[in-house]
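Structure file final_37.pdb with PDB, C-alpha atoms:
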```
ATOM      1  CA  MET A   1     -18.761  -2.022 -53.870
ATOM      2  CA  SER A   2     -19.497  -5.763 -53.794
ATOM      3  CA  PRO A   3     -21.548  -7.108 -50.840
ATOM      4  CA  THR A   4     -18.615  -9.214 -49.626
ATOM      5  CA  LEU A   5     -16.269  -6.261 -49.546
ATOM      6  CA  PHE A   6     -19.002  -4.190 -47.880
ATOM      7  CA  ASP A   7     -19.503  -6.863 -45.215
ATOM      8  CA  SER A   8     -15.822  -7.132 -44.431
ATOM      9  CA  ARG A   9     -15.538  -3.300 -44.136
ATOM     10  CA  LEU A  10     -18.617  -3.318 -41.874
ATOM     11  CA  ASN A  11     -17.068  -6.001 -39.685
ATOM     12  CA  GLU A  12     -13.836  -4.055 -39.441
ATOM     13  CA  ALA A  13     -15.717  -0.884 -38.485
ATOM     14  CA  GLN A  14     -17.699  -2.744 -35.823
ATOM     15  CA  LYS A  15     -14.548  -4.237 -34.382
ATOM     16  CA  GLU A  16     -12.926  -0.806 -34.345
ATOM     17  CA  ARG A  17     -15.980   0.637 -32.587
ATOM     18  CA  GLU A  18     -15.989  -2.122 -29.963
ATOM     19  CA  LYS A  19     -12.302  -1.525 -29.332
ATOM     20  CA  VAL A  20     -12.871   2.216 -28.841
ATOM     21  CA  GLU A  21     -15.850   1.548 -26.553
ATOM     22  CA  GLN A  22     -13.742  -0.837 -24.452
ATOM     23  CA  GLU A  23     -11.014   1.774 -24.149
ATOM     24  CA  ILE A  24     -13.544   4.443 -23.095
ATOM     25  CA  ALA A  25     -15.036   2.095 -20.468
ATOM     26  CA  LYS A  26     -11.564   1.306 -19.161
ATOM     27  CA  MET A  27     -10.690   5.015 -18.947
ATOM     28  CA  LYS A  28     -13.949   5.710 -17.123
ATOM     29  CA  GLU A  29     -13.244   2.958 -14.580
ATOM     30  CA  GLU A  30      -9.757   4.288 -13.974
ATOM     31  CA  LYS A  31     -11.048   7.816 -13.526
ATOM     32  CA  ILE A  32     -13.684   6.725 -11.018
ATOM     33  CA  ALA A  33     -11.174   4.623  -9.126
ATOM     34  CA  ALA A  34      -8.661   7.486  -8.996
ATOM     35  CA  PRO A  35      -8.323   8.781  -5.412
ATOM     36  CA  GLY A  36      -9.630  12.242  -4.636
ATOM     37  CA  LEU A  37     -11.934  12.424  -7.654
ATOM     38  CA  ASN A  38     -15.657  12.878  -7.248
ATOM     39  CA  PRO A  39     -17.283  10.527  -9.799
ATOM     40  CA  LEU A  40     -20.407  12.688  -9.942
ATOM     41  CA  ARG A  41     -18.411  15.515 -11.434
ATOM     42  CA  GLU A  42     -15.937  13.549 -13.521
ATOM     43  CA  GLN A  43     -17.134  15.090 -16.769
ATOM     44  CA  ASP A  44     -16.787  18.618 -15.539
ATOM     45  CA  SER A  45     -13.413  19.075 -13.973
ATOM     46  CA  ALA A  46     -13.913  22.822 -13.830
ATOM     47  CA  HIS A  47     -16.371  22.276 -10.957
ATOM     48  CA  ARG A  48     -13.802  20.576  -8.792
ATOM     49  CA  ILE A  49     -12.564  22.791  -5.982
ATOM     50  CA  PRO A  50      -9.544  21.680  -3.984
ATOM     51  CA  PRO A  51     -10.097  20.855  -0.286
ATOM     52  CA  ARG A  52      -9.466  23.567   2.249
ATOM     53  CA  LYS A  53      -6.529  23.440   4.622
ATOM     54  CA  PRO A  54      -7.455  22.212   8.127
ATOM     55  CA  THR A  55      -6.344  25.506   9.660
ATOM     56  CA  ASP A  56      -8.785  27.324   7.331
ATOM     57  CA  TYR A  57     -11.850  25.707   8.895
ATOM     58  CA  SER A  58     -10.641  24.692  12.355
ATOM     59  CA  GLU A  59     -10.385  27.319  15.039
ATOM     60  CA  VAL A  60      -9.024  24.673  17.444
ATOM     61  CA  LEU A  61      -6.126  23.717  15.160
ATOM     62  CA  ARG A  62      -5.299  27.391  14.653
ATOM     63  CA  SER A  63      -5.131  27.901  18.412
ATOM     64  CA  TRP A  64      -3.025  24.751  18.993
ATOM     65  CA  GLY A  65      -0.719  25.240  16.032
ATOM     66  CA  LYS A  66       1.791  22.462  15.384
ATOM     67  CA  ARG A  67       2.386  20.415  18.504
ATOM     68  CA  SER A  68       4.570  17.356  18.692
ATOM     69  CA  GLY A  69       6.929  15.628  21.064
ATOM     70  CA  PHE A  70       8.198  12.123  21.784
ATOM     71  CA  LEU A  71       6.059  11.617  24.848
ATOM     72  CA  SER A  72       3.316  14.141  24.218
ATOM     73  CA  ALA A  73      -0.285  13.068  24.794
ATOM     74  CA  LEU A  74      -1.679  15.556  22.298
ATOM     75  CA  MET A  75       0.034  16.138  18.963
ATOM     76  CA  SER A  76      -1.660  18.407  16.459
ATOM     77  CA  MET A  77      -0.651  18.232  12.807
ATOM     78  CA  PRO A  78       2.439  16.120  13.590
ATOM     79  CA  GLU A  79       4.729  15.911  10.570
ATOM     80  CA  ASP A  80       6.442  12.669  11.528
ATOM     81  CA  ALA A  81       3.405  10.585  12.556
ATOM     82  CA  ARG A  82       2.389   7.930  10.036
ATOM     83  CA  PHE A  83       0.163   4.889  10.443
ATOM     84  CA  GLU A  84      -0.271   1.539   8.757
ATOM     85  CA  THR A  85      -3.468   2.165   6.783
ATOM     86  CA  GLN A  86      -2.915   5.830   5.924
ATOM     87  CA  HIS A  87      -3.993   6.864   2.406
ATOM     88  CA  ALA A  88      -1.613   8.789   0.202
ATOM     89  CA  ASP A  89      -3.613  12.022   0.409
ATOM     90  CA  GLU A  90      -4.747  11.599   4.010
ATOM     91  CA  GLN A  91      -3.415  14.053   6.564
ATOM     92  CA  VAL A  92      -2.973  13.211  10.246
ATOM     93  CA  LEU A  93      -4.453  16.142  12.165
ATOM     94  CA  LEU A  94      -4.419  14.901  15.717
ATOM     95  CA  VAL A  95      -2.725  12.060  17.608
ATOM     96  CA  LEU A  96      -3.944  11.494  21.145
ATOM     97  CA  ARG A  97      -3.015   9.143  23.942
ATOM     98  CA  GLN A  98      -3.937   8.999  27.604
ATOM     99  CA  HIS A  99      -2.782  11.928  29.714
ATOM    100  CA  PRO A 100       0.682  11.328  31.260
ATOM    101  CA  VAL A 101      -0.895  11.604  34.726
ATOM    102  CA  SER A 102      -2.618   8.258  34.033
ATOM    103  CA  ASN A 103       0.862   6.657  34.300
ATOM    104  CA  VAL A 104       1.317   7.698  37.924
ATOM    105  CA  GLY A 105      -0.296   4.463  39.215
ATOM    106  CA  TRP A 106       2.140   2.036  37.624
ATOM    107  CA  ILE A 107       5.135   4.327  38.303
ATOM    108  CA  ILE A 108       4.295   4.221  42.037
ATOM    109  CA  ILE A 109       3.940   0.429  41.862
ATOM    110  CA  ALA A 110       7.339   0.171  40.105
ATOM    111  CA  LEU A 111       8.984   2.338  42.800
ATOM    112  CA  GLY A 112       7.368   0.154  45.454
ATOM    113  CA  LEU A 113       8.764  -2.966  43.761
ATOM    114  CA  ILE A 114      12.253  -1.407  43.764
ATOM    115  CA  LEU A 115      12.038  -0.736  47.512
ATOM    116  CA  LEU A 116      10.292  -3.994  48.417
ATOM    117  CA  PRO A 117      13.376  -6.327  48.803
ATOM    118  CA  GLY A 118      15.043  -3.860  51.200
ATOM    119  CA  LEU A 119      11.886  -3.823  53.321
ATOM    120  CA  LEU A 120      11.226  -7.569  53.237
ATOM    121  CA  ILE A 121      14.733  -9.052  53.675
ATOM    122  CA  PRO A 122      14.814  -8.442  57.495
ATOM    123  CA  PHE A 123      11.734 -10.680  57.738
ATOM    124  CA  PHE A 124      13.490 -13.556  55.930
ATOM    125  CA  PRO A 125      16.681 -14.299  57.889
ATOM    126  CA  PHE A 126      17.129 -17.657  56.149
ATOM    127  CA  ALA A 127      17.866 -15.731  52.908
ATOM    128  CA  SER A 128      21.424 -15.101  54.159
ATOM    129  CA  ALA A 129      21.940 -18.867  54.457
ATOM    130  CA  LEU A 130      21.562 -19.294  50.704
ATOM    131  CA  PRO A 131      24.680 -19.648  48.526
ATOM    132  CA  PRO A 132      25.825 -16.241  47.151
ATOM    133  CA  GLN A 133      25.138 -17.125  43.497
ATOM    134  CA  TYR A 134      21.496 -17.848  44.358
ATOM    135  CA  LEU A 135      21.166 -14.455  46.015
ATOM    136  CA  ALA A 136      22.780 -12.796  42.987
ATOM    137  CA  PHE A 137      20.370 -14.529  40.607
ATOM    138  CA  ALA A 138      17.423 -13.640  42.832
ATOM    139  CA  GLY A 139      18.495  -9.962  42.656
ATOM    140  CA  VAL A 140      18.906 -10.101  38.866
ATOM    141  CA  GLY A 141      15.531 -11.828  38.510
ATOM    142  CA  TRP A 142      13.821  -9.191  40.625
ATOM    143  CA  TRP A 143      15.289  -6.317  38.539
ATOM    144  CA  MET A 144      14.321  -8.111  35.328
ATOM    145  CA  PHE A 145      10.786  -8.473  36.637
ATOM    146  CA  ILE A 146      10.606  -4.724  37.381
ATOM    147  CA  ALA A 147      12.081  -3.894  33.949
ATOM    148  CA  ALA A 148       9.544  -6.158  32.225
ATOM    149  CA  TYR A 149       6.680  -4.574  34.164
ATOM    150  CA  VAL A 150       7.827  -1.024  33.334
ATOM    151  CA  ILE A 151       8.372  -1.842  29.629
ATOM    152  CA  GLU A 152       4.957  -3.514  29.346
ATOM    153  CA  GLN A 153       3.157  -0.608  31.032
ATOM    154  CA  PHE A 154       5.011   2.017  29.009
ATOM    155  CA  LEU A 155       4.341   0.272  25.676
ATOM    156  CA  ASN A 156       0.671  -0.095  26.601
ATOM    157  CA  TRP A 157       0.441   3.640  27.262
ATOM    158  CA  TYR A 158       2.567   4.711  24.306
ATOM    159  CA  PHE A 159       0.825   2.632  21.649
ATOM    160  CA  ASN A 160      -2.786   2.949  22.788
ATOM    161  CA  ILE A 161      -3.475   5.905  20.578
ATOM    162  CA  TYR A 162      -6.305   7.737  18.927
ATOM    163  CA  ILE A 163      -5.701   9.236  15.508
ATOM    164  CA  ILE A 164      -7.888  11.861  13.865
ATOM    165  CA  THR A 165      -7.261  12.529  10.192
ATOM    166  CA  ASP A 166      -9.091  14.740   7.725
ATOM    167  CA  GLU A 167     -11.097  11.668   6.657
ATOM    168  CA  ARG A 168     -11.617   9.429   9.693
ATOM    169  CA  VAL A 169     -11.150   8.658  13.350
ATOM    170  CA  ILE A 170      -8.986   5.675  14.323
ATOM    171  CA  ASP A 171      -8.700   3.945  17.687
ATOM    172  CA  VAL A 172      -5.641   1.696  18.141
ATOM    173  CA  ASP A 173      -5.784  -0.555  21.204
ATOM    174  CA  PHE A 174      -3.069  -2.841  22.497
ATOM    175  CA  TYR A 175      -3.920  -4.916  25.564
ATOM    176  CA  SER A 176      -1.120  -6.631  27.512
ATOM    177  CA  LEU A 177       1.092  -6.793  24.404
ATOM    178  CA  LEU A 178      -0.829  -9.763  23.056
ATOM    179  CA  TYR A 179      -4.054  -8.274  21.760
ATOM    180  CA  LYS A 180      -4.353  -5.554  19.130
ATOM    181  CA  ARG A 181      -7.528  -3.916  17.885
ATOM    182  CA  VAL A 182      -7.809  -1.135  15.331
ATOM    183  CA  SER A 183     -11.244   0.429  14.842
ATOM    184  CA  GLU A 184     -12.066   3.324  12.583
ATOM    185  CA  ALA A 185     -15.006   5.441  11.514
ATOM    186  CA  LYS A 186     -15.304   7.877   8.651
ATOM    187  CA  THR A 187     -15.993  11.449   9.716
ATOM    188  CA  ASP A 188     -19.291  11.538   7.833
ATOM    189  CA  ASN A 189     -20.494   8.500   9.851
ATOM    190  CA  ILE A 190     -20.076  10.281  13.181
ATOM    191  CA  GLN A 191     -23.450  11.123  14.709
ATOM    192  CA  ASP A 192     -22.663  12.401  18.157
ATOM    193  CA  VAL A 193     -19.608  13.417  20.166
ATOM    194  CA  SER A 194     -19.563  13.978  23.915
ATOM    195  CA  ALA A 195     -16.847  14.711  26.475
ATOM    196  CA  THR A 196     -16.754  13.793  30.164
ATOM    197  CA  THR A 197     -14.332  15.169  32.711
ATOM    198  CA  ALA A 198     -14.630  13.433  36.055
ATOM    199  CA  GLY A 199     -12.673  13.157  39.282
ATOM    200  CA  PHE A 200     -10.155  15.296  41.119
ATOM    201  CA  PHE A 201      -7.196  14.602  38.807
ATOM    202  CA  GLY A 202      -9.355  14.950  35.698
ATOM    203  CA  ALA A 203     -10.433  18.432  36.743
ATOM    204  CA  LEU A 204      -6.948  19.395  37.933
ATOM    205  CA  PHE A 205      -5.041  18.260  34.831
ATOM    206  CA  ASN A 206      -7.879  18.825  32.348
ATOM    207  CA  TYR A 207      -8.290  15.341  30.937
ATOM    208  CA  GLY A 208     -11.348  13.186  30.362
ATOM    209  CA  ASP A 209     -13.145  10.684  28.161
ATOM    210  CA  ILE A 210     -14.593  11.367  24.723
ATOM    211  CA  THR A 211     -17.411   9.187  23.408
ATOM    212  CA  ILE A 212     -18.093   9.114  19.680
ATOM    213  CA  GLN A 213     -21.318   7.560  18.400
ATOM    214  CA  THR A 214     -21.207   6.439  14.789
ATOM    215  CA  ALA A 215     -23.564   4.991  12.223
ATOM    216  CA  GLY A 216     -20.989   2.415  11.138
ATOM    217  CA  GLU A 217     -20.132  -1.094  12.253
ATOM    218  CA  ASN A 218     -18.333   0.065  15.394
ATOM    219  CA  ARG A 219     -21.190   1.927  17.049
ATOM    220  CA  GLU A 220     -19.200   3.624  19.774
ATOM    221  CA  PHE A 221     -15.633   4.808  20.204
ATOM    222  CA  GLU A 222     -14.229   5.849  23.526
ATOM    223  CA  PHE A 223     -11.070   7.911  23.816
ATOM    224  CA  GLY A 224     -10.099   7.448  27.456
ATOM    225  CA  LYS A 225      -8.352  10.067  29.625
ATOM    226  CA  VAL A 226      -7.319  12.308  26.728
ATOM    227  CA  PRO A 227      -6.065  15.837  27.417
ATOM    228  CA  GLU A 228      -8.303  18.841  26.688
ATOM    229  CA  PRO A 229     -11.459  16.785  25.975
ATOM    230  CA  ALA A 230     -13.666  19.833  25.367
ATOM    231  CA  MET A 231     -11.321  21.205  22.715
ATOM    232  CA  VAL A 232     -10.938  17.797  21.046
ATOM    233  CA  THR A 233     -14.742  17.467  20.914
ATOM    234  CA  LYS A 234     -14.992  20.910  19.355
ATOM    235  CA  PHE A 235     -12.362  19.922  16.807
ATOM    236  CA  ILE A 236     -14.247  16.735  15.840
ATOM    237  CA  ASN A 237     -17.400  18.818  15.414
ATOM    238  CA  GLU A 238     -15.487  21.203  13.155
ATOM    239  CA  LEU A 239     -14.388  18.218  11.065
ATOM    240  CA  ILE A 240     -17.977  16.967  10.766
ATOM    241  CA  LEU A 241     -19.184  20.418   9.695
ATOM    242  CA  GLU A 242     -16.409  20.654   7.114
ATOM    243  CA  GLU A 243     -17.297  17.198   5.788
ATOM    244  CA  GLN A 244     -20.938  18.274   5.398
ATOM    245  CA  ARG A 245     -19.856  21.516   3.698
ATOM    246  CA  GLU A 246     -17.626  19.564   1.297
ATOM    247  CA  GLU A 247     -20.507  17.292   0.401
ATOM    248  CA  ARG A 248     -22.850  20.243  -0.190
ATOM    249  CA  GLU A 249     -20.354  22.088  -2.335
ATOM    250  CA  GLY A 250     -19.207  18.938  -4.144
ATOM    251  CA  ARG A 251     -15.603  19.542  -3.211
ATOM    252  CA  VAL A 252     -12.894  16.912  -3.416
ATOM    253  CA  SER A 253     -12.249  15.229  -0.073
TER     254      SER A 253
ATOM    255  CA  MET B   1      18.443 -45.378  50.373
ATOM    256  CA  MET B   2      17.717 -45.102  54.083
ATOM    257  CA  ILE B   3      18.479 -41.917  55.998
ATOM    258  CA  THR B   4      20.174 -43.024  59.205
ATOM    259  CA  SER B   5      21.357 -39.776  60.855
ATOM    260  CA  GLY B   6      20.292 -36.160  61.341
ATOM    261  CA  GLU B   7      23.321 -34.921  59.399
ATOM    262  CA  GLU B   8      22.377 -37.046  56.434
ATOM    263  CA  LEU B   9      18.833 -35.710  56.583
ATOM    264  CA  THR B  10      20.151 -32.120  56.573
ATOM    265  CA  THR B  11      22.341 -32.918  53.560
ATOM    266  CA  GLN B  12      19.442 -34.464  51.709
ATOM    267  CA  LEU B  13      17.129 -31.547  52.499
ATOM    268  CA  THR B  14      19.750 -28.973  51.450
ATOM    269  CA  TRP B  15      20.219 -30.846  48.175
ATOM    270  CA  LEU B  16      16.456 -30.892  47.633
ATOM    271  CA  VAL B  17      16.034 -27.183  48.374
ATOM    272  CA  GLU B  18      18.950 -26.289  46.104
ATOM    273  CA  ARG B  19      17.533 -28.368  43.249
ATOM    274  CA  GLY B  20      14.115 -26.804  43.785
ATOM    275  CA  LEU B  21      15.563 -23.307  43.781
ATOM    276  CA  LYS B  22      17.621 -24.009  40.672
ATOM    277  CA  PHE B  23      14.577 -25.358  38.889
ATOM    278  CA  GLY B  24      12.559 -22.274  39.972
ATOM    279  CA  PHE B  25      15.244 -19.869  38.773
ATOM    280  CA  VAL B  26      15.695 -21.598  35.415
ATOM    281  CA  VAL B  27      11.953 -21.692  34.744
ATOM    282  CA  THR B  28      11.583 -18.024  35.781
ATOM    283  CA  PHE B  29      14.425 -16.901  33.509
ATOM    284  CA  LEU B  30      13.006 -18.986  30.672
ATOM    285  CA  LEU B  31       9.683 -17.160  31.133
ATOM    286  CA  PHE B  32      11.507 -13.807  31.088
ATOM    287  CA  PHE B  33      13.169 -14.839  27.849
ATOM    288  CA  LEU B  34       9.822 -15.783  26.296
ATOM    289  CA  PHE B  35       8.337 -12.488  27.501
ATOM    290  CA  ALA B  36      11.263 -10.612  25.892
ATOM    291  CA  VAL B  37      10.598 -12.427  22.593
ATOM    292  CA  VAL B  38       6.938 -11.352  22.764
ATOM    293  CA  VAL B  39       7.930  -7.744  23.544
ATOM    294  CA  LEU B  40      10.332  -7.697  20.592
ATOM    295  CA  ARG B  41       7.694  -9.110  18.245
ATOM    296  CA  GLN B  42       4.983  -6.774  19.507
ATOM    297  CA  SER B  43       7.225  -3.699  19.439
ATOM    298  CA  LYS B  44       7.764  -4.382  15.740
ATOM    299  CA  LEU B  45       4.010  -4.669  15.218
ATOM    300  CA  MET B  46       3.324  -1.541  17.246
ATOM    301  CA  THR B  47       5.928   0.566  15.495
ATOM    302  CA  GLN B  48       4.426  -0.534  12.182
ATOM    303  CA  THR B  49       0.981   0.559  13.299
ATOM    304  CA  ILE B  50       2.115   4.064  14.114
ATOM    305  CA  LYS B  51       5.483   5.396  13.065
ATOM    306  CA  THR B  52       7.025   7.763  15.579
ATOM    307  CA  PRO B  53      10.548   9.079  16.210
ATOM    308  CA  LEU B  54      10.787   6.855  19.301
ATOM    309  CA  HIS B  55      10.626   3.757  17.071
ATOM    310  CA  ALA B  56      14.399   3.126  17.165
ATOM    311  CA  VAL B  57      14.675   3.536  20.953
ATOM    312  CA  ILE B  58      11.797   1.117  21.569
ATOM    313  CA  ARG B  59      13.233  -1.508  19.224
ATOM    314  CA  LEU B  60      16.681  -1.128  20.828
ATOM    315  CA  THR B  61      15.195  -1.538  24.333
ATOM    316  CA  ALA B  62      13.338  -4.670  23.224
ATOM    317  CA  TRP B  63      16.538  -6.159  21.761
ATOM    318  CA  VAL B  64      18.551  -5.319  24.900
ATOM    319  CA  GLN B  65      15.881  -6.941  27.075
ATOM    320  CA  LEU B  66      15.954 -10.060  24.907
ATOM    321  CA  LEU B  67      19.754 -10.331  25.054
ATOM    322  CA  VAL B  68      19.852  -9.788  28.830
ATOM    323  CA  ALA B  69      17.127 -12.400  29.325
ATOM    324  CA  LEU B  70      19.031 -14.899  27.160
ATOM    325  CA  VAL B  71      22.365 -14.290  28.921
ATOM    326  CA  VAL B  72      20.804 -14.596  32.393
ATOM    327  CA  PHE B  73      18.939 -17.775  31.405
ATOM    328  CA  LEU B  74      22.138 -19.379  30.091
ATOM    329  CA  ALA B  75      24.085 -18.204  33.152
ATOM    330  CA  ALA B  76      21.458 -19.748  35.436
ATOM    331  CA  LEU B  77      21.793 -23.062  33.559
ATOM    332  CA  LEU B  78      25.592 -22.971  33.861
ATOM    333  CA  PHE B  79      26.271 -21.577  37.324
ATOM    334  CA  LEU B  80      23.414 -22.780  39.498
TER     335      LEU B  80
END
```
Turn this file's structure into structure tokens for me.
Amino acid sequence: MSPTLFDSRLNEAQKEREKVEQEIAKMKEEKIAAPGLNPLREQDSAHRIPPRKPTDYSEVLRSWGKRSGFLSALMSMPEDARFETQHADEQVLLVLRQHPVSNVGWIIIALGLILLPGLLIPFFPFASALPPQYLAFAGVGWWMFIAAYVIEQFLNWYFNIYIITDERVIDVDFYSLLYKRVSEAKTDNIQDVSATTAGFFGALFNYGDITIQTAGENREFEFGKVPEPAMVTKFINELILEEQREEREGRVS
Amino acid sequence: MMITSGEELTTQLTWLVERGLKFGFVVTFLLFFLFAVVVLRQSKLMTQTIKTPLHAVIRLTAWVQLLVALVVFLAALLFL
């Protein structure tokens, strides 16, 4: 074989090798980026054990079973609840909002507003001197004000939610319809969970606040006035234990 | 223009009060309309954040509120 021919064959072989190496690197990157795959065990797929079902490790979820409802404050394993940033393989385990009793305050105010014109009109005799269309518009305006107040309060209650998935804890806050804040912490970043039940209504209706301390950017999460705070705390602790067990056993999360 | 009699003064005051009330009503209904727009926009945002079966009812309520606010605002402009 002449040196020229040898060189050209060598070049071809090198190019072929580089091409193969590039393909292998690309495949490796794709494998590592694939969701649900532990990169530490990518070469040995036989070691991968599928994650356990939440009811397998959570006594609390087993006792609650599947709970859902349009206006429920505690929904466990709801099938129809989805959220904006949910991953494809992420399962919503718990959706919480403030206990319905926390709505009593604004409902009483709304009832008071409905009754207020009837109580106040005798003190304003000049109101009857107004043209009828002005009185009609005043009535319509008053009812629109009450409707706006009720809608605003209801939306604030309904969409201020706390979501617990098998991977993380999410706190969605809407304030006065104009301000939205979504904070989240991965389960393995949670350091401490505590529950507080305080006050007459809290003890009577079994609701309270849950404080979650994390190692992440958002240091503290507070779930306010959620139902069954002790059980929810126990459930979060079960999730943390399961996360630690998964890490120890190298299971897919 | 000079006000020369008590009757004229009453007429002028009534006119002033009526104009003031009309202005107050129109501004109030305009604010309701703007509030309804915000509710509609936010309800969309909220229902995107968490999808629940009540989504359709909330959106419908927001639309109804917006339409009512618009109709009342226009009626106040026309009839007051």
Checklist entry - What residues in chain B have any atom no more than 10 Å from chain A when counting all atoms listed in the file, and can you write them as a count of residues only? => result 40
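CA of Pro122 (chain A) lies 27.6 Å from CA of Leu9 (chain B).
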Checklist entry - When you draw a straight line from CA of Thr165 (chain A) to CA of Arg62 (chain A), how long is it in Å? => result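 Separating CA of Thr165 (chain A) from CA of Arg62 (chain A) is a distance of 15.6 Å.
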Next on the checklist: Just the number, please: distance in Å from CA of Trp15 (chain B) to CA of Ala129 (chain A), one decimal.
Outcome noted: 13.6 Å
Item to check | Nearest candidate to Ser68 (chain A) (options A:Leu120, A:Ala127, A:Leu94, A:Ile212; using only C-alpha atoms) | outcome: A:Leu94
Checklist entry - Can you list, as number ranges by chain, every protein, DNA or RNA residue that comes within 12 Å of region 186-202 of chain A when you count all atoms listed in the file, leaving out same-chain residues fewer than 5 positions away? => result A: 98-102, 104, 163-171, 207-247, 253
Okay, now the selection with C-alpha atoms, as a PDB file, in the frame of the given file?
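Written output follows (result-v7.pdb):
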```
ATOM      1  CA  GLN A  98      -3.937   8.999  27.604  1.00  0.00           C
ATOM      2  CA  HIS A  99      -2.782  11.928  29.714  1.00  0.00           C
ATOM      3  CA  PRO A 100       0.682  11.328  31.260  1.00  0.00           C
ATOM      4  CA  VAL A 101      -0.895  11.604  34.726  1.00  0.00           C
ATOM      5  CA  SER A 102      -2.618   8.258  34.033  1.00  0.00           C
ATOM      6  CA  VAL A 104       1.317   7.698  37.924  1.00  0.00           C
ATOM      7  CA  ILE A 163      -5.701   9.236  15.508  1.00  0.00           C
ATOM      8  CA  ILE A 164      -7.888  11.861  13.865  1.00  0.00           C
ATOM      9  CA  THR A 165      -7.261  12.529  10.192  1.00  0.00           C
ATOM     10  CA  ASP A 166      -9.091  14.740   7.725  1.00  0.00           C
ATOM     11  CA  GLU A 167     -11.097  11.668   6.657  1.00  0.00           C
ATOM     12  CA  ARG A 168     -11.617   9.429   9.693  1.00  0.00           C
ATOM     13  CA  VAL A 169     -11.150   8.658  13.350  1.00  0.00           C
ATOM     14  CA  ILE A 170      -8.986   5.675  14.323  1.00  0.00           C
ATOM     15  CA  ASP A 171      -8.700   3.945  17.687  1.00  0.00           C
ATOM     16  CA  TYR A 207      -8.290  15.341  30.937  1.00  0.00           C
ATOM     17  CA  GLY A 208     -11.348  13.186  30.362  1.00  0.00           C
ATOM     18  CA  ASP A 209     -13.145  10.684  28.161  1.00  0.00           C
ATOM     19  CA  ILE A 210     -14.593  11.367  24.723  1.00  0.00           C
ATOM     20  CA  THR A 211     -17.411   9.187  23.408  1.00  0.00           C
ATOM     21  CA  ILE A 212     -18.093   9.114  19.680  1.00  0.00           C
ATOM     22  CA  GLN A 213     -21.318   7.560  18.400  1.00  0.00           C
ATOM     23  CA  THR A 214     -21.207   6.439  14.789  1.00  0.00           C
ATOM     24  CA  ALA A 215     -23.564   4.991  12.223  1.00  0.00           C
ATOM     25  CA  GLY A 216     -20.989   2.415  11.138  1.00  0.00           C
ATOM     26  CA  GLU A 217     -20.132  -1.094  12.253  1.00  0.00           C
ATOM     27  CA  ASN A 218     -18.333   0.065  15.394  1.00  0.00           C
ATOM     28  CA  ARG A 219     -21.190   1.927  17.049  1.00  0.00           C
ATOM     29  CA  GLU A 220     -19.200   3.624  19.774  1.00  0.00           C
ATOM     30  CA  PHE A 221     -15.633   4.808  20.204  1.00  0.00           C
ATOM     31  CA  GLU A 222     -14.229   5.849  23.526  1.00  0.00           C
ATOM     32  CA  PHE A 223     -11.070   7.911  23.816  1.00  0.00           C
ATOM     33  CA  GLY A 224     -10.099   7.448  27.456  1.00  0.00           C
ATOM     34  CA  LYS A 225      -8.352  10.067  29.625  1.00  0.00           C
ATOM     35  CA  VAL A 226      -7.319  12.308  26.728  1.00  0.00           C
ATOM     36  CA  PRO A 227      -6.065  15.837  27.417  1.00  0.00           C
ATOM     37  CA  GLU A 228      -8.303  18.841  26.688  1.00  0.00           C
ATOM     38  CA  PRO A 229     -11.459  16.785  25.975  1.00  0.00           C
ATOM     39  CA  ALA A 230     -13.666  19.833  25.367  1.00  0.00           C
ATOM     40  CA  MET A 231     -11.321  21.205  22.715  1.00  0.00           C
ATOM     41  CA  VAL A 232     -10.938  17.797  21.046  1.00  0.00           C
ATOM     42  CA  THR A 233     -14.742  17.467  20.914  1.00  0.00           C
ATOM     43  CA  LYS A 234     -14.992  20.910  19.355  1.00  0.00           C
ATOM     44  CA  PHE A 235     -12.362  19.922  16.807  1.00  0.00           C
ATOM     45  CA  ILE A 236     -14.247  16.735  15.840  1.00  0.00           C
ATOM     46  CA  ASN A 237     -17.400  18.818  15.414  1.00  0.00           C
ATOM     47  CA  GLU A 238     -15.487  21.203  13.155  1.00  0.00           C
ATOM     48  CA  LEU A 239     -14.388  18.218  11.065  1.00  0.00           C
ATOM     49  CA  ILE A 240     -17.977  16.967  10.766  1.00  0.00           C
ATOM     50  CA  LEU A 241     -19.184  20.418   9.695  1.00  0.00           C
ATOM     51  CA  GLU A 242     -16.409  20.654   7.114  1.00  0.00           C
ATOM     52  CA  GLU A 243     -17.297  17.198   5.788  1.00  0.00           C
ATOM     53  CA  GLN A 244     -20.938  18.274   5.398  1.00  0.00           C
ATOM     54  CA  ARG A 245     -19.856  21.516   3.698  1.00  0.00           C
ATOM     55  CA  GLU A 246     -17.626  19.564   1.297  1.00  0.00           C
ATOM     56  CA  GLU A 247     -20.507  17.292   0.401  1.00  0.00           C
ATOM     57  CA  SER A 253     -12.249  15.229  -0.073  1.00  0.00           C
TER      58      SER A 253
END
```
Checklist entry - So which one's closest to Val57 (chain B), B:Gly20, B:Phe33, B:Lys44, B:Glu8? Using all atoms listed in the file, please. => result B:Lys44
Checklist entry - Which residues come within 10 Å of Ile107 (chain A), counting all atoms listed in the file, excluding same-chain residues fewer than 6 positions away, as a PyMOL selection string? => result chain A and resi 113+149-150+153-154
Padding 4 Å on each side, edges along x, y and z: where is the centre of the box around the listed atoms of region 13-25 of chain B, and how long are its edges in Å to one decimal? Output it as lines of an AutoDock Vina configuration file.
```
center_x = 16.4
center_y = -25.7
center_z = 45.6
size_x = 15.7
size_y = 19.7
size_z = 21.7
```
Next on the checklist: For this structure, which residues satisfy the selection - the PyMOL selection byres ((chain A and resi 61) around 10) - when it is evaluated on the file as given? I want them as a list in words.
Outcome noted: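 Evaluating the PyMOL selection byres ((chain A and resi 61) around 10) on this file yields Pro54, Thr55, Asp56, Tyr57, Ser58, Glu59, Val60, Arg62, Ser63, Trp64, Gly65, Lys66, Arg67, Ser76, Met77, Leu93, Leu94, Met231, Val232, Phe235 and Glu238 of chain A.
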